[in-house]
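Pasted below: protein.csv, CSV, C-alpha atoms.
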chain,number,residue,atom,x,y,z
Q,247,PRO,CA,90.2,183.3,-4.2
Q,248,PRO,CA,90.9,186.8,-2.8
Q,249,SER,CA,89.1,188.4,-5.7
Q,250,THR,CA,85.8,186.8,-4.8
Q,251,ARG,CA,83.5,189.1,-3.0
Q,252,TYR,CA,80.9,187.5,-0.7
Q,253,SER,CA,77.6,189.1,0.0
Q,254,TYR,CA,74.8,188.4,2.5
Q,255,VAL,CA,71.2,188.9,1.4
Q,256,SER,CA,68.0,188.8,3.5
Q,257,PHE,CA,64.4,188.2,2.9
Q,258,PHE,CA,61.2,187.7,4.8
Q,259,TYR,CA,59.5,184.3,4.8
Q,260,ALA,CA,56.2,182.9,6.2
Q,261,PHE,CA,55.5,179.3,7.2
Q,262,ARG,CA,52.7,177.3,8.6
Q,263,ALA,CA,52.3,177.3,12.3
Q,264,GLU,CA,51.9,173.5,12.4
Q,265,PRO,CA,54.4,170.7,11.6
Q,266,PRO,CA,55.9,170.2,9.1
Q,267,PHE,CA,56.0,174.1,9.0
Q,268,ASN,CA,55.8,174.3,5.2
Q,269,ILE,CA,57.0,177.6,3.7
Q,270,LEU,CA,54.0,179.6,2.5
Q,271,SER,CA,55.8,182.6,1.0
Q,272,LYS,CA,59.2,184.3,0.6
Q,273,SER,CA,59.8,188.0,-0.2
Q,274,ALA,CA,62.2,189.3,-2.7
Q,275,ILE,CA,65.7,190.2,-1.5
Q,276,LEU,CA,65.7,193.1,1.0
Q,277,CYS,CA,68.0,196.1,0.9
Q,278,LEU,CA,68.8,197.0,4.5
Q,279,GLY,CA,70.1,200.5,4.1
Q,280,TRP,CA,73.3,202.4,4.6
Q,281,PRO,CA,73.7,204.8,7.5
Q,282,LYS,CA,72.9,208.3,6.4
Q,283,GLU,CA,74.3,211.5,7.9
Q,284,ALA,CA,70.7,212.8,8.3
Q,285,ASP,CA,69.9,209.8,10.6
Q,286,ASP,CA,69.1,210.8,14.2
Q,287,GLY,CA,72.2,210.4,16.3
Q,288,PHE,CA,74.6,209.8,13.4
Q,289,GLU,CA,77.3,212.1,14.7
Q,290,SER,CA,77.1,210.8,18.2
Q,291,GLN,CA,77.4,207.1,17.5
Q,292,VAL,CA,79.9,205.3,19.6
Q,293,PHE,CA,81.2,203.5,16.6
Q,294,ALA,CA,83.0,206.6,15.3
Q,295,TYR,CA,85.6,204.6,13.3
Q,296,ALA,CA,82.7,202.8,11.5
Q,297,ARG,CA,80.8,206.0,11.0
Q,298,GLU,CA,83.7,207.6,9.2
Q,299,ASN,CA,84.2,204.5,7.1
Q,300,MET,CA,80.5,204.3,6.2
Q,301,LYS,CA,80.5,207.9,5.0
Q,302,ASN,CA,82.7,206.8,2.2
Q,303,ALA,CA,81.4,203.2,1.8
Q,304,THR,CA,78.6,204.1,-0.6
Q,305,LYS,CA,81.1,205.6,-3.0
Q,306,HIS,CA,83.2,202.4,-3.1
Q,307,SER,CA,81.9,199.4,-5.1
Q,308,ALA,CA,83.9,197.1,-2.8
Q,309,TYR,CA,81.2,197.8,-0.2
Q,310,THR,CA,78.1,197.8,-2.4
Q,311,LEU,CA,75.9,194.8,-3.2
Q,312,GLU,CA,76.3,193.3,-6.6
Q,313,LEU,CA,74.2,190.4,-7.8
Q,314,GLN,CA,74.5,188.8,-11.3
Q,315,GLY,CA,76.4,191.8,-12.6
Q,316,ILE,CA,73.9,194.4,-11.3
Q,317,GLU,CA,75.1,196.8,-8.6
Q,318,TYR,CA,72.5,197.9,-5.9
Q,319,ASP,CA,72.6,200.9,-3.6
Q,320,CYS,CA,72.8,198.6,-0.6
Q,321,PRO,CA,75.7,197.3,1.6
Q,322,ARG,CA,77.0,194.1,0.3
Q,323,ILE,CA,76.9,192.6,3.8
Q,324,HIS,CA,73.8,193.3,5.7
Q,325,PHE,CA,72.3,190.8,8.1
Q,326,PRO,CA,69.3,191.0,10.4
Q,327,THR,CA,70.1,190.2,14.0
Q,328,GLY,CA,66.7,190.7,15.6
Q,329,ILE,CA,63.0,191.6,15.2
Q,330,VAL,CA,60.6,192.6,17.9
Q,331,GLU,CA,57.3,194.3,18.1
Q,332,LYS,CA,57.6,198.0,18.9
Q,333,VAL,CA,56.5,198.8,22.5
Q,334,GLY,CA,53.2,200.6,22.4
Q,335,ASP,CA,52.7,200.0,18.7
Q,336,PRO,CA,51.4,196.5,17.8
Q,337,ASP,CA,51.4,197.4,14.1
Q,338,THR,CA,55.1,198.0,13.9
Q,339,VAL,CA,58.3,196.0,14.4
Q,340,VAL,CA,61.9,197.0,15.1
Q,341,ILE,CA,64.4,195.2,13.0
Q,342,SER,CA,68.1,195.3,14.1
Q,343,TYR,CA,70.8,194.5,11.6
Q,344,GLY,CA,74.5,194.8,10.9
Q,345,VAL,CA,76.2,196.6,8.0
Q,346,ASN,CA,79.4,195.3,6.5
Q,347,ASP,CA,80.4,193.6,9.7
Q,348,CYS,CA,81.2,197.0,11.4
Q,349,LEU,CA,78.1,199.0,12.2
Q,350,PRO,CA,74.8,198.2,14.1
Q,351,ARG,CA,71.6,199.6,12.7
Q,352,SER,CA,67.9,199.4,13.4
Q,353,MET,CA,64.7,200.4,11.6
Q,354,LEU,CA,61.0,200.6,12.1
Q,355,VAL,CA,58.8,198.6,9.7
Q,356,PRO,CA,55.0,198.5,9.6
Q,357,LYS,CA,53.8,194.9,9.8
Q,358,LYS,CA,51.5,195.6,6.9
Q,359,GLU,CA,54.5,196.4,4.7
Q,360,ILE,CA,56.0,193.0,5.6
Q,361,LEU,CA,52.7,191.3,4.8
Q,362,ASP,CA,52.5,193.2,1.5
Q,363,LEU,CA,56.0,191.9,0.6
Q,364,LEU,CA,55.1,188.3,1.4
Q,365,PHE,CA,51.5,188.3,0.0
Q,366,PRO,CA,51.3,191.2,-2.5
Q,367,SER,CA,47.9,190.3,-4.0
Q,368,GLU,CA,46.1,189.4,-0.8
Q,369,ASP,CA,44.4,191.6,1.7
Q,370,ILE,CA,45.4,190.2,5.1
Q,371,ALA,CA,44.3,191.6,8.4
Q,372,LEU,CA,47.0,192.1,11.1
Q,373,ASN,CA,44.8,190.6,13.9
Write the structure described by the file as structure tokens, please.
Amino acid sequence: PPSTRYSYVSFFYAFRAEPPFNILSKSAILCLGWPKEADDGFESQVFAYARENMKNATKHSAYTLELQGIEYDCPRIHFPTGIVEKVGDPDTVVISYGVNDCLPRSMLVPKKEILDLLFPSEDIALN
């Protein structure tokens, strides 16, 4: 029905390196953030129409994530499109993602933070 709002949610997961690749852990749902006017290059983005819409999106519940009756300060549609190790920094990854099917975003995340989300009570070395 037209009144149904769909949302995309994301999480990290870890699995064994050998078949049958059993899942070892899954993080809680991630909130991949809204664009902020304070972001570097916000005003010069090529997607000016999306930029203008996103300025107001956080004020409209039609664009915010709602799960089981709880509204979160996240876009209701956010989906990762890539993850790579940051050049020159083996302890950090760059995650690219889309927001509400109209704006590309990226963010830097320390690998340690991802490990902490997956295995919160364990002390895991990066190497």
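Of the residues under consideration (Q:Ile329, Q:Val339, Q:Ile275, Q:Ile360), Q:Ile275 shows the shortest atom-to-atom contact distance to Q:Leu313 when counting all atoms listed in the file.
Near Q:Leu276, within 9 Å and counting only C-alpha atoms, sit Val255, Ser256, Phe257, Phe258, Ser273, Ala274 and Leu278 of chain Q, not including residues fewer than 2 positions from it in the same chain.
Computed from the coordinates, the atom CA of Q:Thr327 to atom CA of Q:Lys272 distance equals 18.3 Å.
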Write out as a PDB file with C-alpha atoms, in the frame of the given file each polymer residue whose atoms come within 7 Å of Q:Ser253, counting all atoms listed in the file; drop sequence neighbours fewer than 3 positions from it.
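As a result, result_1.pdb now contains:
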ATOM      1  CA  LEU Q 311      75.900 194.800  -3.200  1.00  0.00           C
ATOM      2  CA  ARG Q 322      77.000 194.100   0.300  1.00  0.00           C
ATOM      3  CA  ILE Q 323      76.900 192.600   3.800  1.00  0.00           C
TER       4      ILE Q 323
END
To one decimal in Å, tell me the separation between atom CA of Q:Lys282 and atom CA of Q:Tyr259. 27.5 Å
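Atom CA of Q:Pro356 lies 9.5 Å from atom CA of Q:Asp335.
Taking all atoms listed in the file into account, Q:Thr310 lies nearest to Q:Gly279 out of the set Q:Gly328, Q:Gly334, Q:Pro265, Q:Gly279.
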Save all heavy atoms of stretch 271-285 of chain Q from the block above as a CSV table (one decimal), in the first residue's frame.
chain,number,residue,atom,x,y,z
Q,271,SER,N,29.6,-13.3,13.9
Q,271,SER,CA,29.1,-12.2,14.7
Q,271,SER,C,28.4,-11.2,13.7
Q,271,SER,O,28.7,-11.2,12.5
Q,271,SER,CB,30.2,-11.5,15.4
Q,271,SER,OG,29.6,-10.4,16.2
Q,272,LYS,N,27.4,-10.5,14.3
Q,272,LYS,CA,26.7,-9.5,13.5
Q,272,LYS,C,26.5,-8.3,14.5
Q,272,LYS,O,26.2,-8.4,15.7
Q,272,LYS,CB,25.3,-10.0,13.1
Q,272,LYS,CG,24.5,-9.0,12.3
Q,272,LYS,CD,23.2,-9.6,11.9
Q,272,LYS,CE,22.2,-9.4,13.0
Q,272,LYS,NZ,20.8,-9.5,12.7
Q,273,SER,N,26.8,-7.1,14.0
Q,273,SER,CA,26.6,-5.9,14.8
Q,273,SER,C,25.2,-5.5,14.9
Q,273,SER,O,24.3,-6.0,14.2
Q,273,SER,CB,27.4,-4.7,14.2
Q,273,SER,OG,26.8,-4.2,13.1
Q,274,ALA,N,24.9,-4.5,15.8
Q,274,ALA,CA,23.6,-3.9,15.8
Q,274,ALA,C,23.4,-3.1,14.5
Q,274,ALA,O,24.3,-2.9,13.8
Q,274,ALA,CB,23.5,-3.0,17.0
Q,275,ILE,N,22.2,-2.7,14.3
Q,275,ILE,CA,21.9,-1.8,13.1
Q,275,ILE,C,22.7,-0.5,13.2
Q,275,ILE,O,22.8,0.1,14.2
Q,275,ILE,CB,20.4,-1.5,13.0
Q,275,ILE,CG1,19.6,-2.8,12.8
Q,275,ILE,CG2,20.1,-0.5,12.0
Q,275,ILE,CD1,18.1,-2.6,12.9
Q,276,LEU,N,23.3,-0.2,12.0
Q,276,LEU,CA,24.1,1.0,11.9
Q,276,LEU,C,23.2,2.2,11.5
Q,276,LEU,O,22.3,2.1,10.7
Q,276,LEU,CB,25.2,0.8,10.9
Q,276,LEU,CG,26.1,-0.3,11.1
Q,276,LEU,CD1,27.0,-0.5,9.9
Q,276,LEU,CD2,26.9,-0.2,12.4
Q,277,CYS,N,23.6,3.4,11.9
Q,277,CYS,CA,23.0,4.6,11.5
Q,277,CYS,C,24.0,5.3,10.6
Q,277,CYS,O,24.9,6.0,11.1
Q,277,CYS,CB,22.6,5.5,12.7
Q,277,CYS,SG,21.9,7.1,12.2
Q,278,LEU,N,23.9,5.2,9.3
Q,278,LEU,CA,24.8,5.9,8.4
Q,278,LEU,C,24.2,7.3,8.2
Q,278,LEU,O,23.1,7.5,7.8
Q,278,LEU,CB,24.9,5.2,7.1
Q,278,LEU,CG,25.4,3.8,7.2
Q,278,LEU,CD1,25.5,3.1,5.9
Q,278,LEU,CD2,26.8,3.7,7.9
Q,279,GLY,N,24.9,8.4,8.6
Q,279,GLY,CA,24.4,9.7,8.9
Q,279,GLY,C,23.9,10.5,7.7
Q,279,GLY,O,24.2,10.3,6.5
Q,280,TRP,N,23.2,11.5,8.1
Q,280,TRP,CA,22.7,12.6,7.2
Q,280,TRP,C,23.9,13.5,6.8
Q,280,TRP,O,24.8,13.7,7.5
Q,280,TRP,CB,21.7,13.5,8.0
Q,280,TRP,CG,20.5,12.9,8.4
Q,280,TRP,CD1,20.1,12.5,9.7
Q,280,TRP,CD2,19.3,12.7,7.6
Q,280,TRP,NE1,18.9,12.0,9.7
Q,280,TRP,CE2,18.3,12.1,8.5
Q,280,TRP,CE3,19.0,12.9,6.3
Q,280,TRP,CZ2,17.1,11.8,8.0
Q,280,TRP,CZ3,17.7,12.5,5.8
Q,280,TRP,CH2,16.8,12.0,6.7
Q,281,PRO,N,23.8,14.1,5.6
Q,281,PRO,CA,24.7,15.2,5.3
Q,281,PRO,C,24.5,16.3,6.3
Q,281,PRO,O,23.4,16.6,6.7
Q,281,PRO,CB,24.3,15.6,3.9
Q,281,PRO,CG,23.4,14.5,3.4
Q,281,PRO,CD,22.8,13.8,4.6
Q,282,LYS,N,25.6,17.0,6.6
Q,282,LYS,CA,25.6,18.1,7.5
Q,282,LYS,C,26.2,19.3,6.8
Q,282,LYS,O,27.1,19.2,6.0
Q,282,LYS,CB,26.4,17.9,8.8
Q,282,LYS,CG,26.0,16.6,9.5
Q,282,LYS,CD,24.9,16.9,10.5
Q,282,LYS,CE,24.6,15.8,11.4
Q,282,LYS,NZ,23.8,14.7,11.0
Q,283,GLU,N,25.6,20.5,7.0
Q,283,GLU,CA,26.1,21.7,6.3
Q,283,GLU,C,27.6,21.9,6.7
Q,283,GLU,O,28.3,22.5,6.0
Q,283,GLU,CB,25.3,22.9,6.6
Q,283,GLU,CG,23.9,22.8,5.9
Q,283,GLU,CD,23.1,24.1,6.0
Q,283,GLU,OE1,23.7,25.1,5.5
Q,283,GLU,OE2,22.0,24.1,6.6
Q,284,ALA,N,28.0,21.4,7.9
Q,284,ALA,CA,29.4,21.6,8.3
Q,284,ALA,C,30.4,20.7,7.6
Q,284,ALA,O,31.6,20.8,7.8
Q,284,ALA,CB,29.5,21.4,9.8
Q,285,ASP,N,29.9,19.7,6.9
Q,285,ASP,CA,30.7,18.7,6.2
Q,285,ASP,C,31.6,19.4,5.2
Q,285,ASP,O,31.2,20.4,4.5
Q,285,ASP,CB,29.9,17.7,5.4
Q,285,ASP,CG,29.2,16.7,6.3
Q,285,ASP,OD1,29.5,16.7,7.5
Q,285,ASP,OD2,28.4,15.9,5.8
